[in-house]
Structure formats: C-alpha cells, structure tokens
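Q: The structure file upload-v2.txt (compact mmCIF, C-alpha atoms) is provided below.
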# COMPACT_ATOMS: atom_id res chain seq x y z
CA MET K 1 157.10 -179.35 5.24
CA LEU K 2 154.32 -181.81 6.05
CA GLN K 3 156.48 -184.66 4.84
CA TYR K 4 159.01 -184.00 7.61
CA VAL K 5 156.22 -183.92 10.19
CA ALA K 6 155.11 -187.32 8.90
CA ILE K 7 158.69 -188.64 9.18
CA VAL K 8 158.86 -187.33 12.77
CA LEU K 9 155.59 -189.18 13.53
CA ILE K 10 156.99 -192.40 12.01
CA MET K 11 160.11 -192.07 14.15
CA LEU K 12 158.03 -191.35 17.28
CA GLY K 13 156.04 -194.52 16.65
CA LEU K 14 159.22 -196.53 16.08
CA TYR K 15 160.78 -195.17 19.30
CA GLY K 16 157.61 -196.12 21.19
CA LEU K 17 157.69 -199.64 19.76
CA LEU K 18 161.33 -200.06 20.80
CA THR K 19 161.09 -198.69 24.33
CA GLN K 20 157.60 -199.29 25.71
CA ARG K 21 156.92 -202.35 27.84
CA ASN K 22 153.15 -201.90 28.15
CA ILE K 23 150.96 -203.68 25.60
CA ILE K 24 148.45 -200.81 25.25
CA LYS K 25 151.30 -198.34 24.73
CA ILE K 26 152.81 -200.61 22.06
CA ILE K 27 149.48 -200.66 20.19
CA VAL K 28 149.24 -196.85 20.46
CA SER K 29 152.80 -196.56 19.08
CA LEU K 30 151.85 -198.80 16.19
CA ASN K 31 148.91 -196.49 15.45
CA ILE K 32 151.11 -193.37 15.53
CA LEU K 33 153.52 -195.09 13.14
CA GLU K 34 150.63 -195.95 10.84
CA ILE K 35 149.25 -192.39 10.86
CA GLY K 36 152.72 -191.11 10.01
CA VAL K 37 153.05 -193.48 7.07
CA ASN K 38 149.56 -192.59 5.80
CA LEU K 39 150.27 -188.84 6.05
CA PHE K 40 153.57 -189.30 4.25
CA ILE K 41 151.99 -191.25 1.39
CA VAL K 42 149.22 -188.65 0.94
CA SER K 43 151.66 -185.73 1.12
CA VAL K 44 153.70 -187.18 -1.77
CA GLY K 45 150.79 -186.54 -4.12
CA PHE K 46 149.90 -183.02 -3.01
CA VAL K 47 149.93 -180.18 -5.56
CA ASP K 48 149.76 -176.52 -4.50
CA GLY K 49 146.26 -175.25 -5.25
CA GLY K 50 145.24 -178.67 -6.49
CA LEU K 51 141.65 -179.85 -6.36
CA ALA K 52 140.27 -183.13 -5.08
CA PRO K 53 140.36 -185.55 -8.05
CA ILE K 54 136.59 -185.64 -8.55
CA PHE K 55 134.89 -184.34 -11.69
CA THR K 56 131.96 -182.08 -10.77
CA SER K 57 129.67 -179.74 -12.66
CA THR K 58 131.46 -176.57 -11.46
CA TYR K 59 134.58 -176.98 -13.56
CA ASN K 60 135.17 -178.29 -17.03
CA SER K 61 138.21 -178.73 -19.19
CA SER K 62 138.17 -175.12 -20.48
CA VAL K 63 139.08 -173.81 -17.01
CA ASP K 64 142.70 -174.14 -15.95
CA PHE K 65 142.92 -176.38 -12.88
CA SER K 66 144.99 -179.25 -11.62
CA PHE K 67 144.09 -182.31 -9.61
CA VAL K 68 146.13 -183.70 -6.75
CA ASP K 69 147.51 -187.19 -7.26
CA PRO K 70 144.60 -189.66 -6.71
CA LEU K 71 146.72 -192.82 -6.45
CA PRO K 72 148.21 -192.25 -2.94
CA GLN K 73 144.77 -191.26 -1.66
CA ALA K 74 143.25 -194.47 -3.02
CA LEU K 75 145.95 -196.54 -1.33
CA VAL K 76 145.60 -194.75 2.02
CA LEU K 77 141.77 -195.02 1.93
CA THR K 78 142.00 -198.79 2.22
CA ALA K 79 145.03 -198.73 4.53
CA ILE K 80 143.08 -196.78 7.18
CA VAL K 81 140.40 -199.47 7.41
CA ILE K 82 143.02 -202.22 7.51
CA GLY K 83 144.65 -200.28 10.37
CA VAL K 84 141.37 -200.38 12.29
CA GLY K 85 141.15 -204.14 11.77
CA THR K 86 144.70 -204.86 12.89
CA THR K 87 144.33 -202.56 15.92
CA ALA K 88 141.18 -204.45 16.90
CA LEU K 89 143.06 -207.74 16.61
CA GLY K 90 145.89 -206.38 18.77
CA LEU K 91 143.46 -205.12 21.41
CA ALA K 92 141.69 -208.50 21.44
CA LEU K 93 145.05 -210.16 22.12
CA ALA K 94 145.74 -207.60 24.85
CA LYS K 95 142.37 -208.35 26.47
CA ASN K 96 143.12 -212.07 26.54
CA ILE K 97 146.59 -211.43 27.99
CA TYR K 98 145.07 -209.22 30.70
CA GLN K 99 142.58 -211.94 31.59
CA LYS K 100 145.40 -214.46 31.95
CA TYR K 101 148.03 -212.39 33.79
CA GLY K 102 146.06 -209.49 35.30
CA THR K 103 148.53 -206.90 33.96
CA PHE K 104 149.46 -205.11 30.74
CA GLU K 105 153.17 -204.81 31.66
CA ILE K 106 155.32 -207.33 29.80
CA ASP K 107 157.91 -207.39 32.62
CA GLU K 108 155.39 -208.39 35.27
CA MET K 109 154.04 -211.34 33.33
CA GLY K 110 154.93 -214.91 34.23
CA GLU K 111 155.59 -214.09 37.88
CA GLU K 112 152.07 -215.03 38.97
CA MET R 1 170.58 -197.01 28.63
CA LYS R 2 168.29 -199.09 26.44
CA ASN R 3 166.04 -196.08 25.86
CA PHE R 4 169.07 -193.99 24.88
CA LEU R 5 170.15 -196.60 22.34
CA ALA R 6 166.62 -196.69 20.91
CA LEU R 7 166.63 -192.88 20.67
CA LEU R 8 169.98 -192.94 18.85
CA LEU R 9 168.73 -195.63 16.47
CA THR R 10 165.52 -193.77 15.60
CA LEU R 11 167.35 -190.44 15.19
CA PHE R 12 169.88 -192.12 12.90
CA LEU R 13 167.12 -193.77 10.87
CA GLY R 14 165.18 -190.50 10.63
CA TYR R 15 168.31 -188.66 9.50
CA MET R 16 168.95 -191.33 6.86
CA ILE R 17 165.40 -191.05 5.51
CA ILE R 18 165.47 -187.24 5.38
CA ALA R 19 168.97 -187.21 3.83
CA SER R 20 167.93 -189.66 1.16
CA LEU R 21 164.79 -187.67 0.33
CA SER R 22 166.19 -184.12 0.27
CA ASN R 23 167.93 -183.08 -2.95
CA ASN R 24 166.55 -186.19 -4.59
CA GLU R 25 165.24 -185.50 -8.07
CA ALA R 26 162.87 -188.44 -8.05
CA PHE R 27 161.24 -187.20 -4.85
CA PRO R 28 159.16 -184.00 -5.22
CA LYS R 29 159.11 -181.20 -2.66
CA TYR R 30 155.85 -180.78 -0.74
CA GLY R 31 153.19 -179.25 -2.99
CA GLU R 32 155.25 -179.58 -6.17
CA ALA R 33 154.26 -183.07 -7.25
CA ASP R 34 154.21 -183.36 -11.02
CA VAL R 35 151.09 -185.43 -11.55
CA SER R 36 151.26 -185.23 -15.35
CA SER R 37 154.47 -187.27 -15.42
CA ARG R 38 153.06 -190.01 -13.22
CA VAL R 39 150.81 -192.96 -13.98
CA SER R 40 148.07 -191.13 -12.03
CA GLN R 41 147.51 -188.77 -14.98
CA ARG R 42 146.37 -191.76 -17.01
CA TYR R 43 143.88 -192.65 -14.29
CA ILE R 44 142.56 -189.06 -14.37
CA ASP R 45 142.34 -188.97 -18.18
CA ARG R 46 140.99 -192.56 -18.27
CA ASN R 47 143.38 -193.68 -20.99
CA VAL R 48 145.29 -196.56 -19.43
CA THR R 49 144.59 -199.04 -22.24
CA GLU R 50 142.65 -197.02 -24.81
CA ASN R 51 141.88 -193.37 -25.50
CA PRO R 52 138.14 -192.80 -25.24
CA GLY R 53 138.25 -189.02 -25.58
CA GLU R 54 138.00 -186.07 -23.24
CA VAL R 55 136.55 -186.50 -19.74
CA LEU R 56 133.69 -183.99 -19.46
CA TYR R 57 131.22 -183.88 -16.59
CA GLY R 58 127.66 -184.67 -17.68
CA GLU R 59 128.67 -185.33 -21.28
CA ALA R 60 131.30 -188.01 -21.61
CA THR R 61 129.97 -191.50 -22.26
CA ASN R 62 131.56 -194.91 -22.69
CA LEU R 63 134.69 -193.93 -20.83
CA GLU R 64 137.19 -196.56 -19.81
CA SER R 65 135.98 -196.04 -16.24
CA GLY R 66 132.88 -193.89 -15.91
CA SER R 67 133.21 -192.80 -12.29
CA ALA R 68 133.38 -189.04 -11.61
CA ASN R 69 135.45 -189.76 -8.52
CA THR R 70 138.90 -190.79 -9.76
CA ILE R 71 139.73 -192.42 -6.42
CA ALA R 72 136.65 -194.66 -6.71
CA ALA R 73 137.72 -195.52 -10.25
CA ILE R 74 141.13 -196.62 -8.94
CA VAL R 75 139.86 -198.46 -5.85
CA THR R 76 137.01 -200.41 -7.45
CA ASP R 77 137.94 -200.54 -11.11
CA TYR R 78 141.60 -200.24 -12.04
CA ARG R 79 142.87 -201.82 -8.81
CA SER R 80 139.81 -203.76 -7.75
CA PHE R 81 141.84 -206.90 -7.21
CA ASP R 82 143.93 -205.07 -4.57
CA THR R 83 140.74 -203.97 -2.86
CA LEU R 84 139.46 -207.56 -2.80
CA GLY R 85 142.70 -208.51 -1.07
CA GLU R 86 142.40 -205.72 1.48
CA VAL R 87 138.78 -206.63 2.25
CA THR R 88 140.05 -210.17 2.83
CA VAL R 89 142.64 -208.83 5.31
CA LEU R 90 139.82 -207.08 7.19
CA THR R 91 137.77 -210.30 7.17
CA VAL R 92 140.66 -212.28 8.57
CA SER R 93 141.28 -209.77 11.35
CA ALA R 94 137.56 -209.73 12.24
CA LEU R 95 137.66 -213.54 12.34
CA GLY R 96 140.72 -213.39 14.57
CA VAL R 97 138.94 -211.06 17.00
CA ALA R 98 135.91 -213.39 17.02
CA LEU R 99 138.19 -216.36 17.66
CA LEU R 100 139.97 -214.64 20.55
CA LEU R 101 136.99 -213.00 22.25
CA GLY R 102 134.01 -215.06 21.12
CA GLY R 103 132.72 -217.92 23.18
CA ALA R 104 129.66 -220.07 23.53
CA LYS R 105 127.23 -217.99 25.61
CA GLN R 106 127.68 -214.26 25.22
CA SER R 107 126.03 -211.48 27.18
CA ARG R 108 126.52 -207.73 27.40
CA ILE R 109 129.33 -206.18 29.44
CA GLU R 110 127.82 -204.13 32.27
CA LEU R 111 128.12 -200.38 31.78
CA ASN R 112 129.26 -198.16 34.64
CA PHE R 113 126.13 -196.03 34.50
CA LYS R 114 122.42 -196.55 34.08
CA PRO R 115 121.27 -194.92 30.80
CA ASN R 116 118.09 -192.91 31.34
CA PHE R 117 115.04 -192.76 29.10
CA MET R 118 116.09 -189.62 27.18
CA LEU R 119 119.50 -191.03 26.27
CA ARG R 120 118.01 -194.27 24.97
CA VAL R 121 115.32 -192.59 22.85
CA GLY R 122 117.63 -189.82 21.59
CA SER R 123 120.33 -192.29 20.55
CA ARG R 124 117.74 -194.30 18.62
CA ALA R 125 116.72 -191.17 16.68
CA LEU R 126 120.37 -190.38 15.95
CA PHE R 127 121.02 -194.00 14.95
CA GLY R 128 118.73 -193.71 11.94
CA ILE R 129 120.34 -190.49 10.74
CA ILE R 130 123.88 -191.84 11.05
CA LEU R 131 122.89 -195.11 9.35
CA MET R 132 121.29 -193.23 6.46
CA THR R 133 124.35 -191.00 6.05
CA GLY R 134 126.54 -194.09 5.94
CA MET R 135 124.37 -195.67 3.25
CA TYR R 136 124.30 -192.41 1.29
CA ILE R 137 128.08 -192.18 1.32
CA SER R 138 128.42 -195.83 0.19
CA ILE R 139 125.94 -195.45 -2.67
CA HIS R 140 127.35 -192.13 -3.90
CA GLY R 141 130.96 -193.33 -3.69
CA HIS R 142 131.51 -192.85 -7.43
CA LEU R 143 130.31 -189.20 -7.40
CA THR R 144 131.31 -187.64 -4.08
CA PRO R 145 134.17 -188.09 -1.61
CA GLY R 146 133.85 -191.20 0.50
CA GLY R 147 132.73 -194.58 -0.69
CA GLY R 148 132.37 -198.02 0.75
CA PHE R 149 135.14 -197.86 3.33
CA PRO R 150 134.11 -194.63 5.16
CA GLY R 151 130.43 -195.42 4.62
CA GLY R 152 130.83 -198.86 6.15
CA SER R 153 132.70 -197.42 9.13
CA MET R 154 129.85 -194.94 9.59
CA ILE R 155 127.26 -197.74 9.56
CA ALA R 156 129.26 -199.55 12.22
CA SER R 157 129.57 -196.36 14.29
CA SER R 158 125.77 -196.01 14.36
CA LEU R 159 125.60 -199.48 15.92
CA LEU R 160 128.34 -198.51 18.39
CA LEU R 161 126.18 -195.56 19.48
CA LEU R 162 123.31 -197.92 20.33
CA TYR R 163 125.66 -200.24 22.18
CA LEU R 164 127.02 -197.41 24.33
CA ALA R 165 123.71 -195.66 25.00
CA ASP R 166 121.67 -198.72 25.96
CA ASP R 167 123.00 -201.36 28.34
CA GLU R 168 120.42 -203.93 27.21
CA PHE R 169 120.98 -203.55 23.46
CA ARG R 170 122.45 -206.39 21.46
CA ALA R 171 122.59 -206.37 17.67
CA ASN R 172 121.28 -209.32 15.70
CA ILE R 173 124.72 -210.84 15.20
CA LYS R 174 123.43 -213.73 13.10
CA GLY R 175 122.04 -211.21 10.60
CA VAL R 176 125.33 -209.30 10.61
CA LYS R 177 127.17 -212.54 9.83
CA VAL R 178 124.80 -213.25 6.93
CA ILE R 179 125.33 -209.74 5.49
CA GLN R 180 129.09 -210.14 5.84
CA SER R 181 129.17 -213.50 4.04
CA VAL R 182 126.74 -212.47 1.30
CA ALA R 183 128.56 -209.20 0.56
CA GLY R 184 131.96 -210.91 0.51
CA SER R 185 130.77 -213.74 -1.75
CA ALA R 186 128.96 -211.31 -4.06
CA TYR R 187 132.22 -209.37 -4.57
CA VAL R 188 134.04 -212.56 -5.61
CA ILE R 189 131.09 -213.62 -7.80
CA ALA R 190 131.13 -210.21 -9.50
CA GLY R 191 134.80 -210.84 -10.25
CA LEU R 192 134.15 -214.34 -11.57
CA LEU R 193 131.33 -213.04 -13.80
CA GLY R 194 133.89 -210.80 -15.45
CA LEU R 195 136.11 -213.83 -15.97
CA PHE R 196 133.40 -215.99 -17.52
CA ILE R 197 131.37 -213.45 -19.52
CA GLY R 198 134.14 -211.01 -20.31
CA THR R 199 137.86 -211.56 -20.54
CA TYR R 200 139.45 -210.91 -17.13
CA PHE R 201 138.72 -211.06 -13.39
CA LEU R 202 136.60 -208.16 -12.06
CA GLU R 203 136.00 -206.72 -15.51
CA ASN R 204 133.51 -203.84 -15.62
CA LEU R 205 130.74 -205.52 -17.60
CA LEU R 206 127.95 -202.96 -17.39
CA ASP R 207 127.52 -199.84 -19.47
CA THR R 208 129.36 -196.84 -18.00
CA ALA R 209 126.62 -194.32 -19.02
CA VAL R 210 127.10 -190.56 -18.64
CA LEU R 211 129.83 -189.35 -16.30
CA GLY R 212 128.26 -187.82 -13.19
CA ASP R 213 124.90 -189.60 -13.19
CA LEU R 214 123.86 -191.66 -10.16
CA PHE R 215 123.29 -194.70 -12.39
CA SER R 216 126.63 -194.63 -14.13
CA ALA R 217 130.08 -196.17 -13.97
CA GLY R 218 128.82 -199.73 -14.46
CA MET R 219 129.90 -202.05 -11.68
CA ILE R 220 131.58 -199.39 -9.51
CA PRO R 221 128.53 -198.37 -7.37
CA ILE R 222 127.49 -202.02 -6.96
CA ILE R 223 130.93 -203.06 -5.78
CA TYR R 224 131.22 -200.00 -3.53
CA VAL R 225 127.87 -200.76 -1.85
CA LEU R 226 129.03 -204.36 -1.33
CA ILE R 227 132.26 -203.07 0.23
CA GLY R 228 130.20 -200.74 2.43
CA PHE R 229 128.08 -203.63 3.70
CA LYS R 230 131.12 -205.82 4.20
CA VAL R 231 133.17 -203.23 6.12
CA GLY R 232 130.12 -202.15 8.14
CA SER R 233 129.17 -205.68 9.19
CA GLU R 234 132.76 -206.62 9.99
CA ILE R 235 133.40 -203.61 12.21
CA SER R 236 129.98 -204.16 13.84
CA ARG R 237 131.04 -207.69 14.64
CA ILE R 238 134.31 -206.48 16.12
CA ILE R 239 132.37 -203.95 18.26
CA ASP R 240 129.98 -206.69 19.40
CA ASN R 241 132.87 -208.98 20.30
CA PHE R 242 134.48 -206.28 22.42
CA LEU R 243 131.29 -205.29 24.24
CA THR R 244 130.15 -208.79 25.15
CA GLU R 245 131.66 -211.44 27.39
CA GLU R 246 131.00 -215.03 28.27
CA SER R 247 128.16 -215.22 30.73
CA VAL R 248 129.12 -217.00 33.91
What does the file become when written as structure tokens?

A:
Amino acid sequence: MLQYVAIVLIMLGLYGLLTQRNIIKIIVSLNILEIGVNLFIVSVGFVDGGLAPIFTSTYNSSVDFSFVDPLPQALVLTAIVIGVGTTALGLALAKNIYQKYGTFEIDEMGEE
Amino acid sequence: MKNFLALLLTLFLGYMIIASLSNNEAFPKYGEADVSSRVSQRYIDRNVTENPGEVLYGEATNLESGSANTIAAIVTDYRSFDTLGEVTVLTVSALGVALLLGGAKQSRIELNFKPNFMLRVGSRALFGIILMTGMYISIHGHLTPGGGFPGGSMIASSLLLLYLADDEFRANIKGVKVIQSVAGSAYVIAGLLGLFIGTYFLENLLDTAVLGDLFSAGMIPIIYVLIGFKVGSEISRIIDNFLTEESV
C-alpha cells in the first residue's frame, strides 16, 4: 500500500509545481516530489519480515531469515543528500530574487 | 481554470502510473519483493565476479567486499564511481550557493533575539556530543547503519547549532574549505591508486580482513570517512553562506 502513498506524494508535488506561483512554494513542492520518489524506490525493495541488510553477530546462516533489497536503499541514501544540495541552491536563488524584486511571487516581479 | 487543468493532468498521470504498475508481473506487490531473483542477491552474497564462499559474521575472510553493511559495500565499493559522481553534484551545488550568496566582506546575519549565557554554554556542550556522534557514524559506516552521508550531515548540524545559539559565532570557513578540497581530492586519488597499482579505477586495494571487525573491508571505511568529511564541510559551507551577508 505504501507504494500508492508514494505515488500520491509524487502527484501532489507535481500539482504544486504546475500551479504554484510562489518561489518558496515551488521549492517545497519539489521537495515533496523528491520524498515521494525516494519512498517509492525504497518500497520496491521491501520484503515482509525482512531484516536490514547488515550482517551482525546475532544471526548466522543457519537461522532462516531474509534481507530487504539493499540496492534501492543505497541509491536513496545518496539521493537524499543530493536533494539537500539542490534545495540549498534553489533557496539561494530565491534569496537573490527576493533581494532584487522584494517579493517571492512570480506574477508581481518586473513591475517595480 | 489553469488549476483545474493541472489537477486533471496530474490525476491522469497518476492513474496511468498506477494502471501500469498493478497486475504487472515485473513489478512486485508491496512486501513481496523477490530479492533472490534480483542482482541485489549477488551483492548480499558477495559473488558478483567470483565466489569467495559463505558470508559469515566474524569468520569470513577475503570476501569480494568485506563490509558487514551491504549498503556500504554497494555505495563505496561496487558502485563507488556513482558515489564519486554524486559527491561531485553536491560540490557543484555548494559552489553554486557560494557563488550566489558569497561576497567580499561577510558578517553574521543579526538574530532576532539575544542568546543568554546558558544557551551559549549549553549549545557548546551539545556541539561536542553531536560532532562525536557524527564522526562515530562515519567511521562505523561499514558495520552499522549510517555512513558518510548521514554522518557528514550530522557534523554539519552540530555547526548549525552553534550558529543558531550564538549570534557572534562564525566557523573557520578557510579551514572548512581546506577539509572539503583535501577530502574530495583524496577520494579521486584513492581511485587513481586503484588504476595505477591495481587494474581498475577505485579498486579495493587493501586486505578485507574478517567480516565485522572495525579494521576490515579494506578501503571502505577510509572512503566513507572521506565522504563524511566532504559532505560535512560542504553542508557547513552552505549553512555559513545562508547565515552571513555582505557587511555594509
């Protein structure tokens, strides 16, 4: 079921990107979209009752256990940090725009 | 009207995605992923190119990738080249922020409140604990959950605490820049060493030792600590750029 929640989040982010005219709201929409994509990627690798894919001393190969898929988690791990970097870049742009125009609304820009 | 069109478009797109995913044999239902049929099983069993034997905690030696944490093995060993690229993306975005917000003479943005003595001293005590936790998570990336990326973010968050709790505080940004450049260059040099001494870029040259030991997994802890420093210094720089402005 979590996969559908992630798809709903992606669609919410996309709707925000299409309709919002405020720069901060656009950046927030982008973040919601990104969280949705990350959740979706992680959920693809989930196994019911699966363990985190780390070998520890408490279980060995004689015990019957299964790991969740480590590959999506590895991809999302880096994607989260990249998301922070791109959000920071977007906010820096927004700060410069605010200093120039005194507003975050795209429609009110250029009127002086 | 425009909002309605956007709503229709997103609903249509969402319906298309869900319709293409449901009743699709290639796409597993939630919680029913078959890991053994995927390439991930080879990462777990450590037999992508050779078969070194069973992976046993505290016993297995000379594995293809000797990290107990499979995710660390993927991020810094099997797909280390990807990680180098993603670290570069982070560097470029940090440079972009510095280009947009940085200027010649920088001074702190004024806070809305005057931090009192207790807040300043207490935040300094907390700073050390958060910094140490961040370092711990970076160094133990090949044994426990976490690694360089969360550890680096934690290091940067300890600096953010000092910035917010003390209106006079300013990190030594020159030092942060040096750490950032050294860590980034060392990652590339580690890759080139693999090319010159071994056979391919970012090859794991060191002995992998026993699975589960702190000094194991060859290059993985070294590279993860470098990533931790790099991510930490970059996010610290971004924080510094946002909390300073050109002095008038």

Q: Just give me the gap between CA of Gly152 (chain R) and CA of Phe229 (chain R) in Å, one decimal is fine.

A: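 About the pair CA of Gly152 (chain R) and CA of Phe229 (chain R): they are 6.0 Å apart.
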
Q: Need the shell around Leu18 (chain K): protein/DNA/RNA residues with any atom at most 10 Å away, counting only C-alpha atoms. Skip same-chain ones fewer than 5 positions apart. Format as a PyMOL selection string?

A: (chain K and resi 12-13+26+29) or (chain R and resi 2-3+5-7+9-10)

Q: Could you pull the residues within 9 Å of region 41-58 of chain K, counting only C-alpha atoms, minus those fewer than 3 positions along the same chain, as an NGL selection string?

A: (:K and (2-3 or 6 or 36-38 or 65-73 or 75-76)) or (:R and (27-35 or 44 or 55-58 or 67-71 or 142-145 or 211-212))

Q: Which residues are close to region 104-116 of chain R, i.e. within 7 Å by only C-alpha atoms, leaving aside same-chain residues fewer than 4 positions away? Reply as a PyMOL selection string.

A: chain R and resi 120+165-167+243-247

Q: Which residue, R:Leu100, R:Leu131, R:Leu95, R:Ile220, has the smallest gap to Asp207 (chain R) when you use only C-alpha atoms?

A: R:Ile220

Q: Excluding Gly175 (chain R) and its own-chain neighbours fewer than 4 positions away, which residues fall within 12 Å of it when counting all atoms listed in the file? Please give them as a list of chain:residue names.

A: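 The residues satisfying every condition are R:Arg170, R:Ala171, R:Ile179, R:Gln180, R:Ser181, R:Val182, R:Phe229, R:Ser233, R:Glu234, R:Ser236, R:Arg237.
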
Q: So how many Å separate CA of Phe201 (chain R) and CA of Gly83 (chain K), to one decimal?

A: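 Between CA of Phe201 (chain R) and CA of Gly83 (chain K) the gap is 26.8 Å.
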
Q: Box for region 7-18 of chain R - axis-aligned, 3 Å on each of the six sides, all listed atoms - centre and size in Å to one decimal, as AutoDock Vina command-line options.

A:
--center_x 167.6 --center_y -191.4 --center_z 13.0 --size_x 10.8 --size_y 14.4 --size_z 21.3

Q: May I ask which of the residues R:Asn241, R:Ser185, R:Thr133, R:Asn23 is the closest one to chain K, counting all atoms listed in the file?

A: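 Result for the nearest residue to chain K: R:Asn241.
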
Q: Pick out the residues sitting within 9 Å of Ile35 (chain K), and hand them over as number ranges by chain; count all atoms listed in the file, and ignore anything fewer than 5 positions along from it in its own chain.

A: K: 6, 9-10, 30, 40, 80

Q: With only C-alpha atoms as the basis for distance, which of R:Tyr163, R:Leu21, R:Ala156, R:Leu13 is at the shortest distance from Leu14 (chain K)?

A: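 The closest residue to Leu14 (chain K) is R:Leu13.
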
Q: In Å, rounded to a single decimal, give me how far CA of Met132 (chain R) is from CA of Lys177 (chain R).

A: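 The value is 20.5 Å.
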
Q: Would you please work out which residue, of R:Ser65, R:Val92, R:Ala60, R:Met219, is nearest to Arg46 (chain R) when using all atoms listed in the file?

A: R:Ser65

Q: Counting all atoms listed in the file, which of K:Ile7, K:Leu39, K:Ile82, K:Ile23 gets nearest to Glu105 (chain K)?

A: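 Among the listed residues, K:Ile23 lies closest to Glu105 (chain K).
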
Q: With distances taken over only C-alpha atoms, which of R:Ser40, R:Ser157, R:Ser138, R:Asn172 is nearest to chain K?

A: R:Ser40
